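Trainee: If you scroll down you'll find the structure; I have some questions about it.
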Amino acid sequence: MSLWLKRALFAASLAIALPATAANYTIGTGSQSGTYYPLGGMLAQTWSQNIDGFNMRAEVTAASVENIIKVASGQQLVGIAMGDSVLAAAKGEAPFKQPMDISVLFALYPNVVQFMVPADSDIHSVSDLKGKKVSVGAPGSGTRVGSTNILKALGINEGDFKAQSLNYTATTEALSNGQIDAGVIIGSAGVGAITELALTRNIRILSFSEDDLNKINAALPAYSGMEIPADTYNKVPAFTAPVVWNVLVVKKDLDPALASQMLETAFDDMGKIQKVISDAKNTTVENMDRLQGVPLHESAQAFMNEKKGN
């Protein structure tokens, strides 16, 4: 009998023996116009419906950084976060003041770094952002951390452009209204905020050169390059951009029995989740450990080994 199954059975025996008092939890997501929120909502629903005495709701947050801090401090049971923010948290690097006591439950899907400009803009490369008004993401978001780190890796610091700190919705609105020259969203290919913008405005998404991608990977190993096909968004040509995996973050000492139940339930229902959230097609046992540098939770490691037959 596998380790995770033994733990699940133990948890089930406790549920029978103890009074049926439901525990209430939250999963940290992001903006309602991104992918984190609907995906987090689906996971919360799956766990609430299939784990006895377990109630969870999805919480709108500033995303990665806020979610990591809230998980580490016990304010959230689980949070969705971008891999580079998780690596920084584990090491205690900026914007985190000390190492965060976290581990990964499983990887979700890759996020794409998408610098948007009007279709007729004179901005054609990342270097053209110098001197421009650019939204780099909301404070406390993975977009903010990732975009500024990527620009820094390419020799572009915040003093080289006019930085605006806007969330997904505010970024697309400001770009649509001509209040900014460019805006970045680090989200799934086909993320709702950009999809909606491209239906009402003609936009482009900047491509990164091979040299750019090599510099980014050297400075930020969590990132690699990916070609995004044309018409991922309405009338937007193909582009090449850095990508980074999103993961579910939990505390290292999350109860192993509960973690096992969450893993088993999530992957049992993944087919249903994938019908609603297209990016969840990447959420597989084979991809659980795609983020290198931060260990899986002990139950996740046991679950993956069991499923892979290791």
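In the structure tokens, each chain is lettered A, B, ... as it comes, each chain's residues begin at 1, and ligands are numbered from 1 in order of appearance.
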Out of segment 128-282 of chain A, which residues get strand (DSSP E) from DSSP, as a PDB file with all heavy atoms, in the first residue's frame?

Mentor:
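Output file part_27.pdb follows:
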ATOM      1  N   LYS A 133       6.164  55.035 -20.950  1.00  0.00           N
ATOM      2  CA  LYS A 133       5.322  54.801 -19.776  1.00  0.00           C
ATOM      3  C   LYS A 133       4.837  53.353 -19.837  1.00  0.00           C
ATOM      4  O   LYS A 133       4.077  52.976 -20.743  1.00  0.00           O
ATOM      5  CB  LYS A 133       4.147  55.776 -19.765  1.00  0.00           C
ATOM      6  CG  LYS A 133       3.322  55.745 -18.488  1.00  0.00           C
ATOM      7  CD  LYS A 133       2.206  56.780 -18.509  1.00  0.00           C
ATOM      8  CE  LYS A 133       2.757  58.187 -18.431  1.00  0.00           C
ATOM      9  NZ  LYS A 133       1.642  59.193 -18.307  1.00  0.00           N
ATOM     10  N   VAL A 134       5.280  52.538 -18.871  1.00  0.00           N
ATOM     11  CA  VAL A 134       5.052  51.092 -18.935  1.00  0.00           C
ATOM     12  C   VAL A 134       4.444  50.587 -17.630  1.00  0.00           C
ATOM     13  O   VAL A 134       4.976  50.830 -16.546  1.00  0.00           O
ATOM     14  CB  VAL A 134       6.381  50.331 -19.189  1.00  0.00           C
ATOM     15  CG1 VAL A 134       6.112  48.831 -19.352  1.00  0.00           C
ATOM     16  CG2 VAL A 134       7.094  50.882 -20.418  1.00  0.00           C
ATOM     17  N   SER A 135       3.334  49.857 -17.732  1.00  0.00           N
ATOM     18  CA  SER A 135       2.780  49.187 -16.552  1.00  0.00           C
ATOM     19  C   SER A 135       3.511  47.864 -16.366  1.00  0.00           C
ATOM     20  O   SER A 135       3.509  47.008 -17.255  1.00  0.00           O
ATOM     21  CB  SER A 135       1.290  48.919 -16.724  1.00  0.00           C
ATOM     22  OG  SER A 135       0.824  48.101 -15.665  1.00  0.00           O
ATOM     23  N   LYS A 162       9.160  55.004 -17.407  1.00  0.00           N
ATOM     24  CA  LYS A 162       8.199  55.530 -16.425  1.00  0.00           C
ATOM     25  C   LYS A 162       7.304  54.380 -15.977  1.00  0.00           C
ATOM     26  O   LYS A 162       6.333  54.034 -16.649  1.00  0.00           O
ATOM     27  CB  LYS A 162       7.387  56.656 -17.053  1.00  0.00           C
ATOM     28  CG  LYS A 162       8.251  57.824 -17.532  1.00  0.00           C
ATOM     29  CD  LYS A 162       7.467  58.788 -18.408  1.00  0.00           C
ATOM     30  CE  LYS A 162       8.395  59.845 -19.000  1.00  0.00           C
ATOM     31  NZ  LYS A 162       7.666  60.737 -19.951  1.00  0.00           N
ATOM     32  N   ALA A 163       7.651  53.787 -14.833  1.00  0.00           N
ATOM     33  CA  ALA A 163       6.952  52.592 -14.360  1.00  0.00           C
ATOM     34  C   ALA A 163       5.595  52.941 -13.755  1.00  0.00           C
ATOM     35  O   ALA A 163       5.474  53.886 -12.977  1.00  0.00           O
ATOM     36  CB  ALA A 163       7.810  51.860 -13.330  1.00  0.00           C
ATOM     37  N   GLN A 164       4.591  52.166 -14.142  1.00  0.00           N
ATOM     38  CA  GLN A 164       3.253  52.249 -13.567  1.00  0.00           C
ATOM     39  C   GLN A 164       2.948  50.910 -12.891  1.00  0.00           C
ATOM     40  O   GLN A 164       3.291  49.848 -13.421  1.00  0.00           O
ATOM     41  CB  GLN A 164       2.211  52.534 -14.659  1.00  0.00           C
ATOM     42  CG  GLN A 164       2.519  53.757 -15.505  1.00  0.00           C
ATOM     43  CD  GLN A 164       2.388  55.050 -14.720  1.00  0.00           C
ATOM     44  OE1 GLN A 164       1.343  55.317 -14.134  1.00  0.00           O
ATOM     45  NE2 GLN A 164       3.446  55.855 -14.699  1.00  0.00           N
ATOM     46  N   ALA A 182       2.937  50.919 -22.987  1.00  0.00           N
ATOM     47  CA  ALA A 182       3.065  49.459 -23.000  1.00  0.00           C
ATOM     48  C   ALA A 182       2.654  48.916 -21.642  1.00  0.00           C
ATOM     49  O   ALA A 182       2.701  49.630 -20.633  1.00  0.00           O
ATOM     50  CB  ALA A 182       4.500  49.045 -23.324  1.00  0.00           C
ATOM     51  N   GLY A 183       2.276  47.684 -21.632  1.00  0.00           N
ATOM     52  CA  GLY A 183       1.922  47.043 -20.372  1.00  0.00           C
ATOM     53  C   GLY A 183       2.260  45.574 -20.437  1.00  0.00           C
ATOM     54  O   GLY A 183       2.185  44.962 -21.517  1.00  0.00           O
ATOM     55  N   VAL A 184       2.636  45.014 -19.304  1.00  0.00           N
ATOM     56  CA  VAL A 184       2.992  43.597 -19.276  1.00  0.00           C
ATOM     57  C   VAL A 184       2.002  42.826 -18.423  1.00  0.00           C
ATOM     58  O   VAL A 184       1.559  43.300 -17.371  1.00  0.00           O
ATOM     59  CB  VAL A 184       4.440  43.376 -18.768  1.00  0.00           C
ATOM     60  CG1 VAL A 184       4.613  43.895 -17.354  1.00  0.00           C
ATOM     61  CG2 VAL A 184       4.827  41.904 -18.833  1.00  0.00           C
ATOM     62  N   ILE A 185       1.639  41.660 -18.924  1.00  0.00           N
ATOM     63  CA  ILE A 185       0.884  40.680 -18.155  1.00  0.00           C
ATOM     64  C   ILE A 185       1.649  39.366 -18.264  1.00  0.00           C
ATOM     65  O   ILE A 185       1.952  38.915 -19.379  1.00  0.00           O
ATOM     66  CB  ILE A 185      -0.557  40.513 -18.683  1.00  0.00           C
ATOM     67  CG1 ILE A 185      -1.402  41.718 -18.268  1.00  0.00           C
ATOM     68  CG2 ILE A 185      -1.188  39.219 -18.177  1.00  0.00           C
ATOM     69  CD1 ILE A 185      -2.834  41.688 -18.773  1.00  0.00           C
ATOM     70  N   ILE A 186       1.995  38.790 -17.129  1.00  0.00           N
ATOM     71  CA  ILE A 186       2.609  37.462 -17.134  1.00  0.00           C
ATOM     72  C   ILE A 186       1.505  36.492 -16.751  1.00  0.00           C
ATOM     73  O   ILE A 186       1.118  36.392 -15.593  1.00  0.00           O
ATOM     74  CB  ILE A 186       3.818  37.378 -16.184  1.00  0.00           C
ATOM     75  CG1 ILE A 186       4.864  38.441 -16.565  1.00  0.00           C
ATOM     76  CG2 ILE A 186       4.435  35.988 -16.234  1.00  0.00           C
ATOM     77  CD1 ILE A 186       6.125  38.408 -15.721  1.00  0.00           C
ATOM     78  N   GLY A 187       0.986  35.825 -17.747  1.00  0.00           N
ATOM     79  CA  GLY A 187      -0.136  34.925 -17.552  1.00  0.00           C
ATOM     80  C   GLY A 187      -0.170  33.887 -18.652  1.00  0.00           C
ATOM     81  O   GLY A 187       0.708  33.841 -19.511  1.00  0.00           O
ATOM     82  N   ILE A 203      -3.666  45.315 -31.155  1.00  0.00           N
ATOM     83  CA  ILE A 203      -2.445  45.311 -30.347  1.00  0.00           C
ATOM     84  C   ILE A 203      -1.413  44.357 -30.938  1.00  0.00           C
ATOM     85  O   ILE A 203      -1.724  43.526 -31.802  1.00  0.00           O
ATOM     86  CB  ILE A 203      -2.741  44.901 -28.886  1.00  0.00           C
ATOM     87  CG1 ILE A 203      -3.276  43.449 -28.820  1.00  0.00           C
ATOM     88  CG2 ILE A 203      -3.694  45.866 -28.225  1.00  0.00           C
ATOM     89  CD1 ILE A 203      -3.313  42.874 -27.415  1.00  0.00           C
ATOM     90  N   ARG A 204      -0.195  44.503 -30.459  1.00  0.00           N
ATOM     91  CA  ARG A 204       0.887  43.547 -30.720  1.00  0.00           C
ATOM     92  C   ARG A 204       1.454  43.105 -29.384  1.00  0.00           C
ATOM     93  O   ARG A 204       1.291  43.792 -28.370  1.00  0.00           O
ATOM     94  CB  ARG A 204       2.020  44.180 -31.535  1.00  0.00           C
ATOM     95  CG  ARG A 204       1.729  44.377 -33.001  1.00  0.00           C
ATOM     96  CD  ARG A 204       2.946  44.913 -33.755  1.00  0.00           C
ATOM     97  NE  ARG A 204       3.242  46.306 -33.431  1.00  0.00           N
ATOM     98  CZ  ARG A 204       4.254  46.721 -32.695  1.00  0.00           C
ATOM     99  NH1 ARG A 204       5.109  45.832 -32.149  1.00  0.00           N
ATOM    100  NH2 ARG A 204       4.457  48.013 -32.470  1.00  0.00           N
ATOM    101  N   ILE A 205       2.135  41.970 -29.383  1.00  0.00           N
ATOM    102  CA  ILE A 205       2.875  41.517 -28.208  1.00  0.00           C
ATOM    103  C   ILE A 205       4.328  41.362 -28.626  1.00  0.00           C
ATOM    104  O   ILE A 205       4.628  40.713 -29.647  1.00  0.00           O
ATOM    105  CB  ILE A 205       2.298  40.212 -27.644  1.00  0.00           C
ATOM    106  CG1 ILE A 205       0.858  40.460 -27.177  1.00  0.00           C
ATOM    107  CG2 ILE A 205       3.157  39.702 -26.486  1.00  0.00           C
ATOM    108  CD1 ILE A 205       0.163  39.254 -26.616  1.00  0.00           C
ATOM    109  N   SER A 224      12.352  30.044 -19.633  1.00  0.00           N
ATOM    110  CA  SER A 224      12.841  29.536 -20.919  1.00  0.00           C
ATOM    111  C   SER A 224      11.972  30.149 -22.008  1.00  0.00           C
ATOM    112  O   SER A 224      10.914  30.724 -21.731  1.00  0.00           O
ATOM    113  CB  SER A 224      12.756  28.007 -20.963  1.00  0.00           C
ATOM    114  OG  SER A 224      11.417  27.574 -20.747  1.00  0.00           O
ATOM    115  N   GLY A 225      12.405  30.038 -23.274  1.00  0.00           N
ATOM    116  CA  GLY A 225      11.669  30.656 -24.369  1.00  0.00           C
ATOM    117  C   GLY A 225      10.588  29.743 -24.942  1.00  0.00           C
ATOM    118  O   GLY A 225      10.700  28.520 -24.895  1.00  0.00           O
ATOM    119  N   MET A 226       9.528  30.353 -25.473  1.00  0.00           N
ATOM    120  CA  MET A 226       8.456  29.584 -26.108  1.00  0.00           C
ATOM    121  C   MET A 226       7.864  30.408 -27.249  1.00  0.00           C
ATOM    122  O   MET A 226       7.679  31.614 -27.129  1.00  0.00           O
ATOM    123  CB  MET A 226       7.366  29.230 -25.097  1.00  0.00           C
ATOM    124  CG  MET A 226       6.206  28.435 -25.687  1.00  0.00           C
ATOM    125  SD  MET A 226       4.908  28.030 -24.457  1.00  0.00           S
ATOM    126  CE  MET A 226       5.753  26.757 -23.512  1.00  0.00           C
ATOM    127  N   GLU A 227       7.549  29.738 -28.354  1.00  0.00           N
ATOM    128  CA  GLU A 227       6.871  30.376 -29.477  1.00  0.00           C
ATOM    129  C   GLU A 227       5.370  30.309 -29.246  1.00  0.00           C
ATOM    130  O   GLU A 227       4.811  29.226 -29.038  1.00  0.00           O
ATOM    131  CB  GLU A 227       7.229  29.658 -30.779  1.00  0.00           C
ATOM    132  CG  GLU A 227       6.526  30.187 -32.010  1.00  0.00           C
ATOM    133  CD  GLU A 227       7.177  31.427 -32.606  1.00  0.00           C
ATOM    134  OE1 GLU A 227       8.298  31.771 -32.184  1.00  0.00           O
ATOM    135  OE2 GLU A 227       6.555  32.049 -33.492  1.00  0.00           O
ATOM    136  N   ILE A 228       4.715  31.457 -29.281  1.00  0.00           N
ATOM    137  CA  ILE A 228       3.258  31.520 -29.107  1.00  0.00           C
ATOM    138  C   ILE A 228       2.636  31.759 -30.482  1.00  0.00           C
ATOM    139  O   ILE A 228       2.963  32.735 -31.157  1.00  0.00           O
ATOM    140  CB  ILE A 228       2.860  32.647 -28.135  1.00  0.00           C
ATOM    141  CG1 ILE A 228       3.652  32.533 -26.820  1.00  0.00           C
ATOM    142  CG2 ILE A 228       1.361  32.614 -27.884  1.00  0.00           C
ATOM    143  CD1 ILE A 228       3.486  31.217 -26.080  1.00  0.00           C
ATOM    144  N   PHE A 239       4.481  35.398 -31.600  1.00  0.00           N
ATOM    145  CA  PHE A 239       5.569  36.055 -30.874  1.00  0.00           C
ATOM    146  C   PHE A 239       6.320  35.024 -30.033  1.00  0.00           C
ATOM    147  O   PHE A 239       5.786  33.957 -29.711  1.00  0.00           O
ATOM    148  CB  PHE A 239       5.049  37.206 -29.990  1.00  0.00           C
ATOM    149  CG  PHE A 239       4.059  36.784 -28.930  1.00  0.00           C
ATOM    150  CD1 PHE A 239       4.455  36.542 -27.622  1.00  0.00           C
ATOM    151  CD2 PHE A 239       2.705  36.649 -29.232  1.00  0.00           C
ATOM    152  CE1 PHE A 239       3.549  36.173 -26.638  1.00  0.00           C
ATOM    153  CE2 PHE A 239       1.783  36.287 -28.251  1.00  0.00           C
ATOM    154  CZ  PHE A 239       2.202  36.044 -26.956  1.00  0.00           C
ATOM    155  N   THR A 240       7.568  35.349 -29.722  1.00  0.00           N
ATOM    156  CA  THR A 240       8.408  34.491 -28.887  1.00  0.00           C
ATOM    157  C   THR A 240       8.631  35.199 -27.557  1.00  0.00           C
ATOM    158  O   THR A 240       8.984  36.377 -27.529  1.00  0.00           O
ATOM    159  CB  THR A 240       9.759  34.214 -29.571  1.00  0.00           C
ATOM    160  OG1 THR A 240       9.523  33.592 -30.835  1.00  0.00           O
ATOM    161  CG2 THR A 240      10.612  33.293 -28.720  1.00  0.00           C
ATOM    162  N   ALA A 241       8.417  34.477 -26.466  1.00  0.00           N
ATOM    163  CA  ALA A 241       8.493  35.124 -25.155  1.00  0.00           C
ATOM    164  C   ALA A 241       9.030  34.161 -24.109  1.00  0.00           C
ATOM    165  O   ALA A 241       8.956  32.942 -24.272  1.00  0.00           O
ATOM    166  CB  ALA A 241       7.113  35.626 -24.742  1.00  0.00           C
ATOM    167  N   PRO A 242       9.556  34.685 -23.005  1.00  0.00           N
ATOM    168  CA  PRO A 242       9.956  33.825 -21.886  1.00  0.00           C
ATOM    169  C   PRO A 242       8.713  33.242 -21.206  1.00  0.00           C
ATOM    170  O   PRO A 242       7.664  33.891 -21.152  1.00  0.00           O
ATOM    171  CB  PRO A 242      10.687  34.781 -20.933  1.00  0.00           C
ATOM    172  CG  PRO A 242      10.905  36.045 -21.711  1.00  0.00           C
ATOM    173  CD  PRO A 242       9.838  36.103 -22.742  1.00  0.00           C
ATOM    174  N   VAL A 243       8.848  32.036 -20.689  1.00  0.00           N
ATOM    175  CA  VAL A 243       7.767  31.425 -19.914  1.00  0.00           C
ATOM    176  C   VAL A 243       8.327  30.909 -18.593  1.00  0.00           C
ATOM    177  O   VAL A 243       9.505  30.587 -18.487  1.00  0.00           O
ATOM    178  CB  VAL A 243       7.079  30.264 -20.672  1.00  0.00           C
ATOM    179  CG1 VAL A 243       6.493  30.747 -21.985  1.00  0.00           C
ATOM    180  CG2 VAL A 243       8.037  29.109 -20.908  1.00  0.00           C
ATOM    181  N   VAL A 244       7.440  30.847 -17.584  1.00  0.00           N
ATOM    182  CA  VAL A 244       7.802  30.344 -16.261  1.00  0.00           C
ATOM    183  C   VAL A 244       6.607  29.569 -15.728  1.00  0.00           C
ATOM    184  O   VAL A 244       5.458  29.956 -15.944  1.00  0.00           O
ATOM    185  CB  VAL A 244       8.185  31.502 -15.310  1.00  0.00           C
ATOM    186  CG1 VAL A 244       7.045  32.487 -15.143  1.00  0.00           C
ATOM    187  CG2 VAL A 244       8.655  30.980 -13.963  1.00  0.00           C
ATOM    188  N   TRP A 245       6.859  28.461 -15.043  1.00  0.00           N
ATOM    189  CA  TRP A 245       5.771  27.629 -14.547  1.00  0.00           C
ATOM    190  C   TRP A 245       5.132  28.216 -13.302  1.00  0.00           C
ATOM    191  O   TRP A 245       5.813  28.774 -12.435  1.00  0.00           O
ATOM    192  CB  TRP A 245       6.282  26.217 -14.246  1.00  0.00           C
ATOM    193  CG  TRP A 245       6.335  25.383 -15.483  1.00  0.00           C
ATOM    194  CD1 TRP A 245       7.304  25.414 -16.444  1.00  0.00           C
ATOM    195  CD2 TRP A 245       5.363  24.426 -15.913  1.00  0.00           C
ATOM    196  NE1 TRP A 245       6.998  24.528 -17.452  1.00  0.00           N
ATOM    197  CE2 TRP A 245       5.821  23.905 -17.154  1.00  0.00           C
ATOM    198  CE3 TRP A 245       4.167  23.946 -15.382  1.00  0.00           C
ATOM    199  CZ2 TRP A 245       5.111  22.935 -17.870  1.00  0.00           C
ATOM    200  CZ3 TRP A 245       3.460  22.981 -16.086  1.00  0.00           C
ATOM    201  CH2 TRP A 245       3.926  22.496 -17.314  1.00  0.00           C
ATOM    202  N   ASN A 246       3.809  28.095 -13.224  1.00  0.00           N
ATOM    203  CA  ASN A 246       3.048  28.396 -12.014  1.00  0.00           C
ATOM    204  C   ASN A 246       2.929  27.129 -11.182  1.00  0.00           C
ATOM    205  O   ASN A 246       2.837  26.024 -11.734  1.00  0.00           O
ATOM    206  CB  ASN A 246       1.636  28.871 -12.360  1.00  0.00           C
ATOM    207  CG  ASN A 246       1.642  30.124 -13.175  1.00  0.00           C
ATOM    208  OD1 ASN A 246       1.936  31.198 -12.671  1.00  0.00           O
ATOM    209  ND2 ASN A 246       1.318  30.012 -14.460  1.00  0.00           N
ATOM    210  N   VAL A 247       2.901  27.283  -9.870  1.00  0.00           N
ATOM    211  CA  VAL A 247       2.803  26.125  -8.974  1.00  0.00           C
ATOM    212  C   VAL A 247       1.838  26.425  -7.844  1.00  0.00           C
ATOM    213  O   VAL A 247       1.497  27.577  -7.577  1.00  0.00           O
ATOM    214  CB  VAL A 247       4.187  25.752  -8.383  1.00  0.00           C
ATOM    215  CG1 VAL A 247       5.174  25.383  -9.481  1.00  0.00           C
ATOM    216  CG2 VAL A 247       4.738  26.879  -7.506  1.00  0.00           C
ATOM    217  N   LEU A 248       1.401  25.356  -7.181  1.00  0.00           N
ATOM    218  CA  LEU A 248       0.641  25.482  -5.943  1.00  0.00           C
ATOM    219  C   LEU A 248       1.624  25.432  -4.780  1.00  0.00           C
ATOM    220  O   LEU A 248       2.409  24.486  -4.669  1.00  0.00           O
ATOM    221  CB  LEU A 248      -0.364  24.343  -5.803  1.00  0.00           C
ATOM    222  CG  LEU A 248      -1.670  24.455  -6.584  1.00  0.00           C
ATOM    223  CD1 LEU A 248      -2.519  23.214  -6.323  1.00  0.00           C
ATOM    224  CD2 LEU A 248      -2.445  25.704  -6.198  1.00  0.00           C
ATOM    225  N   VAL A 249       1.572  26.432  -3.923  1.00  0.00           N
ATOM    226  CA  VAL A 249       2.477  26.548  -2.785  1.00  0.00           C
ATOM    227  C   VAL A 249       1.740  26.212  -1.499  1.00  0.00           C
ATOM    228  O   VAL A 249       0.599  26.648  -1.296  1.00  0.00           O
ATOM    229  CB  VAL A 249       3.062  27.972  -2.702  1.00  0.00           C
ATOM    230  CG1 VAL A 249       3.915  28.139  -1.462  1.00  0.00           C
ATOM    231  CG2 VAL A 249       3.873  28.284  -3.943  1.00  0.00           C
ATOM    232  N   VAL A 250       2.380  25.417  -0.638  1.00  0.00           N
ATOM    233  CA  VAL A 250       1.852  25.094   0.692  1.00  0.00           C
ATOM    234  C   VAL A 250       2.995  25.221   1.695  1.00  0.00           C
ATOM    235  O   VAL A 250       4.164  25.319   1.321  1.00  0.00           O
ATOM    236  CB  VAL A 250       1.270  23.663   0.756  1.00  0.00           C
ATOM    237  CG1 VAL A 250       0.058  23.530  -0.144  1.00  0.00           C
ATOM    238  CG2 VAL A 250       2.327  22.620   0.395  1.00  0.00           C
ATOM    239  N   LYS A 251       2.654  25.213   2.976  1.00  0.00           N
ATOM    240  CA  LYS A 251       3.698  25.197   3.995  1.00  0.00           C
ATOM    241  C   LYS A 251       4.388  23.833   3.995  1.00  0.00           C
ATOM    242  O   LYS A 251       3.769  22.811   3.706  1.00  0.00           O
ATOM    243  CB  LYS A 251       3.104  25.471   5.381  1.00  0.00           C
ATOM    244  CG  LYS A 251       2.629  26.910   5.581  1.00  0.00           C
ATOM    245  CD  LYS A 251       2.307  27.192   7.042  1.00  0.00           C
ATOM    246  CE  LYS A 251       3.582  27.318   7.873  1.00  0.00           C
ATOM    247  NZ  LYS A 251       3.299  27.775   9.258  1.00  0.00           N
TER     248      LYS A 251
END

Trainee: If we count only C-alpha atoms, what is near Ala44 of chain A at a cut-off of 12 Å, once residues fewer than 6 positions away on the same chain are taken out, given as a list of chain:residue names?

Mentor: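 Listing them by chain and then by number gives A:Asn24, A:Tyr25, A:Thr26, A:Ile27, A:Gly28, A:Thr29, A:Tyr36, A:Tyr37, A:Pro38, A:Asn50, A:Ile51, A:Phe54, A:Asn55, A:Met56, A:Arg57, A:Ala58, A:Glu59, A:Leu77, A:Val78, A:Gly79, A:Ile80, A:Met262, A:Thr265, A:Ala266, A:Asp269, A:Ile273.
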
Trainee: Mind writing the picked residues with C-alpha atoms as a compact mmCIF listing (two decimals), in the first residue's frame?

Mentor:
# COMPACT_ATOMS: atom_id res chain seq x y z
CA ASN A 24 -12.66 26.62 6.41
CA TYR A 25 -9.71 27.42 4.17
CA THR A 26 -8.75 29.80 1.38
CA ILE A 27 -6.68 29.42 -1.77
CA GLY A 28 -4.84 32.56 -2.85
CA THR A 29 -5.35 33.37 -6.53
CA TYR A 36 -5.39 32.08 -11.25
CA TYR A 37 -8.86 33.01 -10.00
CA PRO A 38 -11.00 30.59 -12.04
CA ASN A 50 -14.74 15.57 -2.11
CA ILE A 51 -12.91 15.93 1.21
CA PHE A 54 -13.25 20.66 4.22
CA ASN A 55 -14.58 24.00 2.95
CA MET A 56 -12.46 26.24 0.74
CA ARG A 57 -13.02 29.46 -1.17
CA ALA A 58 -10.90 31.27 -3.73
CA GLU A 59 -9.54 34.62 -2.56
CA LEU A 77 -3.78 26.92 3.15
CA VAL A 78 -2.55 27.03 -0.43
CA GLY A 79 -1.66 29.69 -2.97
CA ILE A 80 -0.94 29.90 -6.68
CA MET A 262 -5.79 17.09 -1.82
CA THR A 265 -8.78 14.46 -5.27
CA ALA A 266 -7.26 17.10 -7.56
CA ASP A 269 -10.97 15.48 -11.03
CA ILE A 273 -11.07 20.97 -14.48

Trainee: Name the residues in contact with Thr169 of chain A at a cut-off of 9 Å, using only C-alpha atoms, excluding same-chain residues fewer than 2 positions from it; report them as an MDAnalysis selection string.

Mentor: chainID A and resid 31:34 166:167 171:174 193

Trainee: Between A:Gln76, A:Thr61, A:Ser103, A:Gln114, which residue has the minimum interatomic distance to Val191 of chain A, considering only C-alpha atoms?

Mentor: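 Using only C-alpha atoms, the shortest distance to Val191 of chain A belongs to A:Gln114.
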
Trainee: Per residue of segment 25-137 of chain A within 7 Å of segment 279-301 of chain A, record the nearest atom pair and its distance in Å to one decimal, counting only C-alpha atoms, with rows in chain order and ascending residue number, as JSON lines.

Mentor:
{"residue": "A:Gly83", "atom": "CA", "partner": "A:Leu291", "partner_atom": "CA", "distance": 6.3}
{"residue": "A:Leu87", "atom": "CA", "partner": "A:Val294", "partner_atom": "CA", "distance": 6.4}
{"residue": "A:Ala90", "atom": "CA", "partner": "A:Val294", "partner_atom": "CA", "distance": 6.8}
{"residue": "A:Ser103", "atom": "CA", "partner": "A:His297", "partner_atom": "CA", "distance": 5.3}
{"residue": "A:Val104", "atom": "CA", "partner": "A:Leu296", "partner_atom": "CA", "distance": 4.5}
{"residue": "A:Leu105", "atom": "CA", "partner": "A:His297", "partner_atom": "CA", "distance": 5.6}
{"residue": "A:Phe106", "atom": "CA", "partner": "A:Met288", "partner_atom": "CA", "distance": 4.5}
{"residue": "A:Ala107", "atom": "CA", "partner": "A:Met288", "partner_atom": "CA", "distance": 4.7}
{"residue": "A:Leu108", "atom": "CA", "partner": "A:Thr283", "partner_atom": "CA", "distance": 4.7}
{"residue": "A:Tyr109", "atom": "CA", "partner": "A:Asn282", "partner_atom": "CA", "distance": 5.2}

Trainee: Please produce a file of those selected residues containing N, CA and C atoms, as a CSV table (one decimal), in the first residue's frame.

Mentor:
chain,number,residue,atom,x,y,z
A,83,GLY,N,6.8,30.6,-10.6
A,83,GLY,CA,8.0,29.9,-10.2
A,83,GLY,C,9.2,30.8,-9.7
A,87,LEU,N,11.0,30.6,-6.1
A,87,LEU,CA,12.4,30.5,-5.9
A,87,LEU,C,13.0,31.6,-5.0
A,90,ALA,N,12.0,31.0,-1.4
A,90,ALA,CA,12.7,29.9,-0.8
A,90,ALA,C,14.1,30.3,-0.3
A,103,SER,N,6.7,24.8,0.4
A,103,SER,CA,7.1,23.7,-0.5
A,103,SER,C,6.0,23.8,-1.6
A,104,VAL,N,6.2,22.9,-2.7
A,104,VAL,CA,5.4,22.9,-3.8
A,104,VAL,C,4.5,21.7,-3.7
A,105,LEU,N,3.2,21.9,-3.9
A,105,LEU,CA,2.2,20.7,-4.0
A,105,LEU,C,2.3,20.1,-5.3
A,106,PHE,N,2.1,20.9,-6.4
A,106,PHE,CA,2.4,20.4,-7.8
A,106,PHE,C,2.4,21.6,-8.7
A,107,ALA,N,3.0,21.5,-9.8
A,107,ALA,CA,3.1,22.5,-10.9
A,107,ALA,C,1.8,22.5,-11.6
A,108,LEU,N,1.4,23.7,-12.2
A,108,LEU,CA,0.2,23.9,-12.8
A,108,LEU,C,0.3,24.0,-14.3
A,109,TYR,N,0.8,25.2,-14.8
A,109,TYR,CA,0.9,25.5,-16.2
A,109,TYR,C,2.0,26.6,-16.4

Trainee: How many Å lie between atom CA of Ser48 of chain A and atom CA of Asp268 of chain A, rounded to one decimal?

Mentor: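 These atoms are spaced 13.8 Å apart.
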
Trainee: If we count only C-alpha atoms, what is near Leu220 of chain A at a cut-off of 10 Å, once residues fewer than 4 positions away on the same chain are taken out, given as a list of chain:residue names?

Mentor: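 Near Leu220 of chain A, the qualifying residues are A:Asp84, A:Leu87, A:Gly146, A:Asn149, A:Ile150, A:Ala153, A:Leu213, A:Asn214, A:Lys215, A:Ile216, A:Ser224, A:Val244.
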
Trainee: Measuring between only C-alpha atoms, which one of A:Lys308, A:Lys97, A:Lys152, A:Arg201 shows the shortest distance to Val236 of chain A?

Mentor: A:Arg201

Trainee: Counting only C-alpha atoms, which residue out of A:Ser165, A:Thr232, A:Gln261, A:Gln49 sits closest to Ser147 of chain A?

Mentor: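 The closest residue to Ser147 of chain A is A:Ser165.
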
Trainee: With segment 68-73 of chain A as the partner and 12 Å as the cut-off, tabulate the residues of segment 252-274 of chain A that qualify, each row holding the nearest pair of atoms and their distance in Å to one decimal, using only C-alpha atoms, sorted by chain and rising number, as a Markdown table.

Mentor:
| residue | atom | partner | partner_atom | distance |
| --- | --- | --- | --- | --- |
| A:Lys252 | CA | A:Ala72 | CA | 8.7 |
| A:Asp253 | CA | A:Ala72 | CA | 10.0 |
| A:Leu254 | CA | A:Val71 | CA | 10.2 |

Trainee: Identify which of the residues A:Phe303, A:Phe115, A:Phe267, A:Phe161 lies closest to Gly131 of chain A, counting only C-alpha atoms when measuring atom-to-atom distances.

Mentor: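 Under the stated criterion, the closest residue is A:Phe161.
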
Trainee: How far is it from atom CA of Ser207 of chain A to atom CA of Glu93 of chain A, in Å with one decimal?

Mentor: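 Atom CA of Glu93 of chain A lies 28.3 Å from atom CA of Ser207 of chain A.
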